[in-house]
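The next block holds one structure in the form of structure tokens; read it before the comments.
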Amino acid sequence: MPERYYQIARRGLATNFTETEIPLDYAQRFRNRFINAAGGAEKRPGYVALSGALPTKGIVTGLHEYVDKDGTATLFASSEGVVFRYNGSSAWTQVWQATTASRIRSVQFDDKLVFWNGVDRQVYIDSPTANFERLQPLMEQGTCGASTSAAALTDAAVTDWTAQTFVGPGDIVFNAKRGAYGLVTAVTSSRVSHTPISAAARGFGNTFTPISGTPVGGEPTPGDGYKIYDSIELNVVSNDGIMDNVATIVSTSTSPTQTYIAVSADRVANWTTTAMRNGDIVHNTTKNAASFVSEILSSGFYVSPSIATTSAGDSIVLYQSAMPVASWIHVHYGRAWMIDSRDPRNVVASGANDIQDFTVDSQSLETRTVAIGSQQPGADPARTISSFQTYLIIGTERAVYAYRGTAPADLEPAGLFPQGVVAADGFVNTGNDLSFIGYDGLLSISLLINTNNLQRSNISEPIKNTLRAIIRDVIESPNPQIQIVNYQRRSWIVMKIASKLYIYNYANFVLDDGKIVAGASWSDFDGQIGLQSVLYVRANSDLLLGGADGKVYAFDQGTYTDDGALYPTEYMPGWLNLEEPRQSNRIKTGSYIVPNFQVGGRVVYDIESTGDFNLQSYDLVSVTAQEEIGGRGIGTFRIGTDFVGMARTTEGKIPLRWRGAHFRVSFRTLDQYGPDVLAGFTIYGDIHGRR
């Protein structure tokens with residue numbers, strides 16, 4: 001009786017071939033399994049609840065981690081604009097809330113964990129239990145000197161403000177003791193003049209009801225601590241088509257907490273379409289007072305605290321912080337690179353080794369800006385940023401730009417790839433490659449051997465058409481869910497696209513002759529795991545999942561359910577012939593199958609056979625693979641906490657019938673047991689003549 005042993009398809013899932021053309025190295029279905037080091041189809045791990053739910057029970061949309069100088073990591077989670085700290089047991093404590101429910105992301109720069117959402121201004125903590133503070137473009141800080149007053153700042157450590165600093169009109173003085181602000185109006189060698197900081201001051205200079213800190217009344221005195229923040233012009237007012245930051249108030253009203261300001265509609269037709277954001281600065285030069293924008297309407301805006309006695313005819317000057325309101329932040333060799341949400345065609349870099357250093361001239365951010373919108377036709381806005389070796393990589397919807405260098409002045413164009421990134425979370429660095437999700441699937445940027453040139457390739461060729469279709473559908477949805485992470489513990493690139501995970505396994509595997517072969521296999525994971533909303537890889541390589549009801553889960557913890565929920569597995573190779581590699585149309589009849597399992601429990605395999613493409617024959621059998629055979633344990637040796645081998649069993653011949661020139665088999669399970677590996681199978685049958 002002819003027989004043929006079939007190894008598992010070691011390149012995994014392939015949907016880009018027609019059913020009749022799938023090579024033996026690929027499978028038509030590779031569901032909830034992956035290629036392990038021995039080349040077998042191993043059941044994926046499940047996940048367990050890390051802790052109790054977040055107090056709000058909202059959808060977890062962000063996971064974050066603060067790592068201190070000793071390497072101790074503290075976990076945070078965010079949901080609907082609220083940030084929670086994990087207390088190490090099962091409790092989460094709310095520690096900060098944004099003004100919107102926009103998704104919160106984070107990045108750590110030295111000792112600061114910075115949070116952003118593209119709408120609110122960035123905040124940071126510099127220890128796990130620190131209070132959240134706004135990330136400011138810090139220019140100077142020190143102690144007020146002897147000649148400090150309500151309207152002037154001196155510092156004994158600064159002998160010449162004009163020569164030693166970049167402070168200029170429009171910058172902001174913050175007196176930490178008084179909790180109030182002054183807007184710089186003039187700078188001389190001996191002092192910085194600013195709008196009044198006192199109990200009688202208007203706007204954000206009032207110390208009786210200060211913006212920040214404990215109200216202590218009075219005015220600045222020698223010995224008070226101060227900080228100076230950089231600001232630039234907010235040019236949103238049309239002056240015969242030339243944009244400016246100066247206007248005249250045409251109507252206004254004041255309440256105890258806010259002042260409403262409107263200017264002529266021909267100067268600003270709709271404030272909500274301008275670059276103005278809450279937290280921007282308005283200087284009423286007529287009343288010598290300044291305050292922060294608190295609300296923006298189409299017809300005008302509010303400032304808070306109020307500037308009493310504001311009236312029509314007053315002149316105002318508009319400023320914005322030199323710190324961008326970031327839609328993305330990436331750390332690249334000592335600098336924070338931010339996509340400015342006001343103008344995402346600009347990527348702005350911080351100073352060296354200081355995420356708060358955005359000191360520039362008073363006119364613009366150009367000295368530290370990569371104007372990505374002018375690099376190619378189309379003026380694409382930047383969507384996300386990453387690093388590959390010493391290259392800075394900027395992704396737009398249409399293209400990926402590579403720059404060689406680590407500082408803005410040193411950047412040199414190193415490559416342009418006309419294949420855009422479909423999502424902000426679409427880049428992942430695996431060391432040898434930078435991969436990203438594009439409209440054509442999963443693409444990779446790598447260095448050509450023995451050169452400094454970059455090349456691009458599509459590493460999702462086996463499933464490219466499937467990815468194309470699902471990516472197109474997802475990005476057209478109101479809330480597209482696309483994310484990619486590098487799970488180093490397994491050497492997986494994990495792509496979440498809608499409700500399914502696609503796994504690119506780049507781990508090597510070992511052939512029977514001991515040779516090591518470079519891995520490149522695909523599989524897909526579904527079930528409850530696909531319904532989680534966010535993936536996060538911790539510093540210790542743990543993969544966390546966040547989802548509905550405020551739940552956070554840990555993946556790959558030695559269990560084989562999704563927090564108790566079973567998930568199905570399926571392995572189905574392409575159509576087989578029993579006469580590979582020489583194909584023939586002779587009719588065959590299948591009689592038996594001998595599967596080769598490696599299991600860690602009682603696993604029931606449903607094995608299905610189909611004969612020929614017109615499904616002219618069909619059979620289904622259930623086979624139980626278990627850890628003990630004849631009452632004798634197999635593979636019970638243990639190193640550390642892991643079993644070696646488990647039960648590698650070859651069942652006896654199991655009747656499995658089929659008839660045709662070609663046939664197909666599939667293996668399905670649904671249980672809570674593992675490890676569970678399908679290593680291969682032997683088919684027994686008869687070969688007849690041609691039909």
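In the structure tokens, each chain is lettered A, B, ... as it comes, each chain's residues begin at 1, and ligands are numbered from 1 in order of appearance.
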Worksheet entry | Non-local contacts of region 435-441 of chain A (8 Å; only C-alpha atoms; under 3 positions in same chain excluded) as an MDAnalysis selection string | chainID A and resid 419:423 426:430 444:445 458 460 464:465 467:468 471:472 484
Practice prompt. List every residue of region 35-117 of chain A that DSSP, applied to the backbone of this structure, places in strand (DSSP E), and write the result as a PyMOL selection string.
Written response: chain A and resi 35+41-43+47-49+62-67+73-79+82-86+92-97+105-109+112-116
Using 9 Å as the limit and counting only C-alpha atoms, can you tabulate each residue of region 212-233 of chain A that touches region 173-183 of chain A, with its shortest atom-to-atom distance in Å and the two atoms involved, as CSV?
residue,atom,partner,partner_atom,distance
A:Ser212,CA,A:Gly179,CA,4.4
A:Gly213,CA,A:Gly179,CA,4.5
A:Thr214,CA,A:Gly179,CA,6.6
A:Pro215,CA,A:Arg178,CA,6.4
A:Val216,CA,A:Arg178,CA,6.1
A:Gly217,CA,A:Arg178,CA,7.0
A:Gly218,CA,A:Arg178,CA,7.9
A:Glu219,CA,A:Arg178,CA,7.2
A:Pro220,CA,A:Arg178,CA,7.1
A:Asp224,CA,A:Lys177,CA,6.0
A:Gly225,CA,A:Ala176,CA,5.6
A:Tyr226,CA,A:Asn175,CA,4.6
A:Lys227,CA,A:Phe174,CA,5.1
A:Ile228,CA,A:Val173,CA,4.5
A:Tyr229,CA,A:Val173,CA,6.5
The selected residues should be written to file as a CSV table (one decimal), in the first residue's frame (atoms: N, CA, C and O atoms).
chain,number,residue,atom,x,y,z
A,212,SER,N,-2.1,78.3,38.9
A,212,SER,CA,-1.4,77.1,39.4
A,212,SER,C,-0.8,77.4,40.8
A,212,SER,O,-0.4,78.5,41.1
A,213,GLY,N,-0.8,76.4,41.7
A,213,GLY,CA,-0.2,76.6,43.0
A,213,GLY,C,-1.1,77.1,44.0
A,213,GLY,O,-2.3,77.2,43.8
A,214,THR,N,-0.6,77.4,45.2
A,214,THR,CA,-1.4,77.8,46.3
A,214,THR,C,-1.5,79.3,46.3
A,214,THR,O,-0.5,80.0,46.3
A,215,PRO,N,-2.7,79.9,46.4
A,215,PRO,CA,-2.7,81.4,46.4
A,215,PRO,C,-2.1,82.0,47.6
A,215,PRO,O,-2.5,81.6,48.8
A,216,VAL,N,-1.1,82.8,47.4
A,216,VAL,CA,-0.4,83.4,48.5
A,216,VAL,C,-0.5,85.0,48.5
A,216,VAL,O,0.0,85.6,49.4
A,217,GLY,N,-1.2,85.5,47.4
A,217,GLY,CA,-1.4,86.9,47.3
A,217,GLY,C,-0.1,87.6,47.0
A,217,GLY,O,1.0,87.0,46.8
A,218,GLY,N,-0.1,88.9,47.1
A,218,GLY,CA,1.1,89.7,46.9
A,218,GLY,C,1.7,89.6,45.5
A,218,GLY,O,1.0,89.4,44.5
A,219,GLU,N,3.0,89.9,45.4
A,219,GLU,CA,3.6,89.9,44.1
A,219,GLU,C,5.0,89.3,44.3
A,219,GLU,O,5.5,89.1,45.4
A,220,PRO,N,5.7,89.0,43.1
A,220,PRO,CA,7.0,88.4,43.2
A,220,PRO,C,8.0,89.2,44.1
A,220,PRO,O,8.0,90.4,44.0
A,224,ASP,N,11.9,84.1,45.1
A,224,ASP,CA,10.9,83.3,44.4
A,224,ASP,C,11.5,82.5,43.3
A,224,ASP,O,12.4,83.1,42.6
A,225,GLY,N,11.1,81.3,43.1
A,225,GLY,CA,11.5,80.5,41.9
A,225,GLY,C,10.7,80.9,40.7
A,225,GLY,O,9.5,81.2,40.8
A,226,TYR,N,11.4,80.9,39.6
A,226,TYR,CA,10.7,81.3,38.3
A,226,TYR,C,11.1,80.3,37.2
A,226,TYR,O,12.2,79.7,37.2
A,227,LYS,N,10.3,80.3,36.2
A,227,LYS,CA,10.6,79.6,34.9
A,227,LYS,C,10.1,80.5,33.8
A,227,LYS,O,9.1,81.2,33.9
A,228,ILE,N,10.8,80.5,32.7
A,228,ILE,CA,10.4,81.2,31.5
A,228,ILE,C,10.2,80.2,30.3
A,228,ILE,O,11.1,79.4,30.0
A,229,TYR,N,9.0,80.3,29.7
A,229,TYR,CA,8.7,79.4,28.6
A,229,TYR,C,8.7,80.2,27.3
A,229,TYR,O,8.2,81.3,27.2
Each residue of region 526-583 of chain A lying at most 9 Å from region 40-44 of chain A should get a row with its shortest atom-to-atom pair and the distance in Å to one decimal, counting only C-alpha atoms; could you produce that, ordered by chain and increasing number, as JSON lines?
{"residue": "A:Asp556", "atom": "CA", "partner": "A:Arg44", "partner_atom": "CA", "distance": 8.2}
{"residue": "A:Tyr560", "atom": "CA", "partner": "A:Arg44", "partner_atom": "CA", "distance": 7.3}
{"residue": "A:Thr569", "atom": "CA", "partner": "A:Lys43", "partner_atom": "CA", "distance": 7.1}
{"residue": "A:Tyr571", "atom": "CA", "partner": "A:Ala41", "partner_atom": "CA", "distance": 7.8}
Discussion item. Excluding region 125-127 of chain A and its own-chain neighbours fewer than 4 positions away, which residues fall within 12 Å of it when counting only C-alpha atoms? Please give them as number ranges by chain.
Written reply: A: 64-70, 72-76, 83, 85, 95-96, 106-115, 131-135
Deliver the residues from the most recent selection as a file, using C-alpha atoms, as a compact mmCIF listing (two decimals), in the first residue's frame.
# COMPACT_ATOMS: atom_id res chain seq x y z
CA HIS A 64 2.03 52.75 29.07
CA GLU A 65 5.06 52.04 31.20
CA TYR A 66 7.38 54.20 33.28
CA VAL A 67 10.87 52.73 33.77
CA ASP A 68 13.02 54.31 36.47
CA LYS A 69 16.81 54.50 36.55
CA ASP A 70 17.02 51.15 38.34
CA THR A 72 11.83 49.11 37.79
CA ALA A 73 8.75 49.39 35.59
CA THR A 74 5.34 50.79 36.57
CA LEU A 75 2.34 50.11 34.36
CA PHE A 76 -0.30 52.66 33.36
CA VAL A 83 -5.00 57.60 32.83
CA ARG A 85 -1.72 53.66 37.48
CA VAL A 95 -4.05 59.77 38.12
CA TRP A 96 -4.94 62.17 35.29
CA SER A 106 3.06 57.88 25.52
CA VAL A 107 6.83 57.86 25.12
CA GLN A 108 9.62 57.95 27.68
CA PHE A 109 12.44 60.45 27.28
CA ASP A 110 15.12 60.00 29.96
CA ASP A 111 13.27 60.39 33.27
CA LYS A 112 10.05 61.79 31.77
CA LEU A 113 7.11 59.69 30.61
CA VAL A 114 5.22 61.98 28.25
CA PHE A 115 1.53 61.50 27.40
CA ASN A 131 1.97 64.65 39.75
CA PHE A 132 1.26 65.20 36.07
CA GLU A 133 2.76 68.43 34.76
CA ARG A 134 2.41 70.17 31.42
CA LEU A 135 5.38 69.71 29.13
Discussion item. Neighbouring residues of region 272-279 of chain A were defined as those with any atom within 8 Å, considering only C-alpha atoms; residues of the same chain fewer than 6 positions away were excluded. Please report them as a PyMOL selection string.
Written reply: chain A and resi 120-121+234+236+292-298+320+342-343
For the selection just defined, write its residues with N, CA, C and O atoms to a file, as a PDB file, in the first residue's frame.
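Produced file part_18.pdb, reproduced below:
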ATOM      1  N   ASP A 120      -5.035  67.733  23.479  1.00  0.00           N
ATOM      2  CA  ASP A 120      -4.536  68.424  24.672  1.00  0.00           C
ATOM      3  C   ASP A 120      -3.030  68.625  24.566  1.00  0.00           C
ATOM      4  O   ASP A 120      -2.347  67.950  23.796  1.00  0.00           O
ATOM      5  N   ARG A 121      -2.529  69.527  25.375  1.00  0.00           N
ATOM      6  CA  ARG A 121      -1.087  69.717  25.432  1.00  0.00           C
ATOM      7  C   ARG A 121      -0.445  68.580  26.229  1.00  0.00           C
ATOM      8  O   ARG A 121      -1.053  68.036  27.148  1.00  0.00           O
ATOM      9  N   LEU A 234       1.182  83.438  16.862  1.00  0.00           N
ATOM     10  CA  LEU A 234       0.066  82.647  16.349  1.00  0.00           C
ATOM     11  C   LEU A 234      -0.573  83.452  15.220  1.00  0.00           C
ATOM     12  O   LEU A 234      -1.439  84.299  15.437  1.00  0.00           O
ATOM     13  N   VAL A 236      -2.944  83.840  12.722  1.00  0.00           N
ATOM     14  CA  VAL A 236      -4.222  83.336  12.202  1.00  0.00           C
ATOM     15  C   VAL A 236      -5.152  84.474  11.781  1.00  0.00           C
ATOM     16  O   VAL A 236      -6.287  84.223  11.368  1.00  0.00           O
ATOM     17  N   PHE A 292      -5.049  82.851  28.991  1.00  0.00           N
ATOM     18  CA  PHE A 292      -5.035  81.658  28.155  1.00  0.00           C
ATOM     19  C   PHE A 292      -6.379  81.472  27.459  1.00  0.00           C
ATOM     20  O   PHE A 292      -7.441  81.702  28.060  1.00  0.00           O
ATOM     21  N   VAL A 293      -6.353  81.015  26.220  1.00  0.00           N
ATOM     22  CA  VAL A 293      -7.575  80.651  25.507  1.00  0.00           C
ATOM     23  C   VAL A 293      -8.192  79.441  26.190  1.00  0.00           C
ATOM     24  O   VAL A 293      -7.522  78.435  26.449  1.00  0.00           O
ATOM     25  N   SER A 294      -9.494  79.532  26.519  1.00  0.00           N
ATOM     26  CA  SER A 294     -10.175  78.454  27.237  1.00  0.00           C
ATOM     27  C   SER A 294     -11.271  77.787  26.427  1.00  0.00           C
ATOM     28  O   SER A 294     -11.655  76.649  26.711  1.00  0.00           O
ATOM     29  N   GLU A 295     -11.784  78.462  25.413  1.00  0.00           N
ATOM     30  CA  GLU A 295     -12.842  77.884  24.579  1.00  0.00           C
ATOM     31  C   GLU A 295     -12.839  78.597  23.238  1.00  0.00           C
ATOM     32  O   GLU A 295     -12.655  79.821  23.176  1.00  0.00           O
ATOM     33  N   ILE A 296     -13.069  77.843  22.167  1.00  0.00           N
ATOM     34  CA  ILE A 296     -13.020  78.416  20.818  1.00  0.00           C
ATOM     35  C   ILE A 296     -14.360  78.193  20.132  1.00  0.00           C
ATOM     36  O   ILE A 296     -14.849  77.054  20.041  1.00  0.00           O
ATOM     37  N   LEU A 297     -14.964  79.264  19.657  1.00  0.00           N
ATOM     38  CA  LEU A 297     -16.204  79.222  18.890  1.00  0.00           C
ATOM     39  C   LEU A 297     -15.919  79.684  17.473  1.00  0.00           C
ATOM     40  O   LEU A 297     -14.846  80.220  17.180  1.00  0.00           O
ATOM     41  N   SER A 298     -16.864  79.499  16.585  1.00  0.00           N
ATOM     42  CA  SER A 298     -16.650  79.976  15.215  1.00  0.00           C
ATOM     43  C   SER A 298     -16.560  81.494  15.171  1.00  0.00           C
ATOM     44  O   SER A 298     -15.791  82.065  14.401  1.00  0.00           O
ATOM     45  N   GLN A 320       1.416  81.402  20.583  1.00  0.00           N
ATOM     46  CA  GLN A 320       1.282  79.983  20.886  1.00  0.00           C
ATOM     47  C   GLN A 320       2.587  79.503  21.507  1.00  0.00           C
ATOM     48  O   GLN A 320       3.651  80.063  21.267  1.00  0.00           O
ATOM     49  N   ARG A 342      -1.176  71.000  14.687  1.00  0.00           N
ATOM     50  CA  ARG A 342      -1.696  72.199  14.040  1.00  0.00           C
ATOM     51  C   ARG A 342      -1.329  72.232  12.563  1.00  0.00           C
ATOM     52  O   ARG A 342      -2.089  72.704  11.734  1.00  0.00           O
ATOM     53  N   ASP A 343      -0.134  71.738  12.267  1.00  0.00           N
ATOM     54  CA  ASP A 343       0.331  71.666  10.888  1.00  0.00           C
ATOM     55  C   ASP A 343       1.163  70.397  10.735  1.00  0.00           C
ATOM     56  O   ASP A 343       2.388  70.420  10.868  1.00  0.00           O
TER      57      ASP A 343
END
Discussion item. If I take CA of Pro55 (chain A) and CA of Phe84 (chain A), how far is one from the other in Å, to one decimal?
Written reply: 8.8 Å
Could you produce a table of the residues of region 29-73 of chain A lying within 8 Å of region 526-534 of chain A, with the nearest pair of atoms per residue and their separation in Å rounded to one decimal, using only C-alpha atoms, ordered by chain and increasing residue number, as JSON lines?
{"residue": "A:Arg31", "atom": "CA", "partner": "A:Asp526", "partner_atom": "CA", "distance": 7.5}
{"residue": "A:Asn32", "atom": "CA", "partner": "A:Asp526", "partner_atom": "CA", "distance": 6.7}
{"residue": "A:Ile59", "atom": "CA", "partner": "A:Ser533", "partner_atom": "CA", "distance": 7.6}
{"residue": "A:Val60", "atom": "CA", "partner": "A:Ser533", "partner_atom": "CA", "distance": 6.8}
{"residue": "A:Thr61", "atom": "CA", "partner": "A:Val534", "partner_atom": "CA", "distance": 5.7}
{"residue": "A:Gly62", "atom": "CA", "partner": "A:Val534", "partner_atom": "CA", "distance": 6.4}
{"residue": "A:Leu63", "atom": "CA", "partner": "A:Val534", "partner_atom": "CA", "distance": 7.6}
File dump, residues just selected, C-alpha atoms, as an mmCIF file, in the first residue's frame:
data_model
loop_
_atom_site.group_PDB
_atom_site.id
_atom_site.type_symbol
_atom_site.label_atom_id
_atom_site.label_comp_id
_atom_site.auth_asym_id
_atom_site.auth_seq_id
_atom_site.Cartn_x
_atom_site.Cartn_y
_atom_site.Cartn_z
ATOM 1 C CA ARG A 31 -5.503 29.382 12.376
ATOM 2 C CA ASN A 32 -4.419 29.955 15.974
ATOM 3 C CA ILE A 59 -12.496 50.378 26.779
ATOM 4 C CA VAL A 60 -8.736 50.252 27.335
ATOM 5 C CA THR A 61 -7.211 52.168 24.419
ATOM 6 C CA GLY A 62 -3.680 52.742 25.716
ATOM 7 C CA LEU A 63 -1.059 50.924 27.804
#
Practice prompt. Pick out the residues sitting within 9 Å of region 158-163 of chain A, and hand them over as an NGL selection string; count only C-alpha atoms, and ignore anything fewer than 5 positions along from it in its own chain.
Written response: :A and (168 or 187-192)
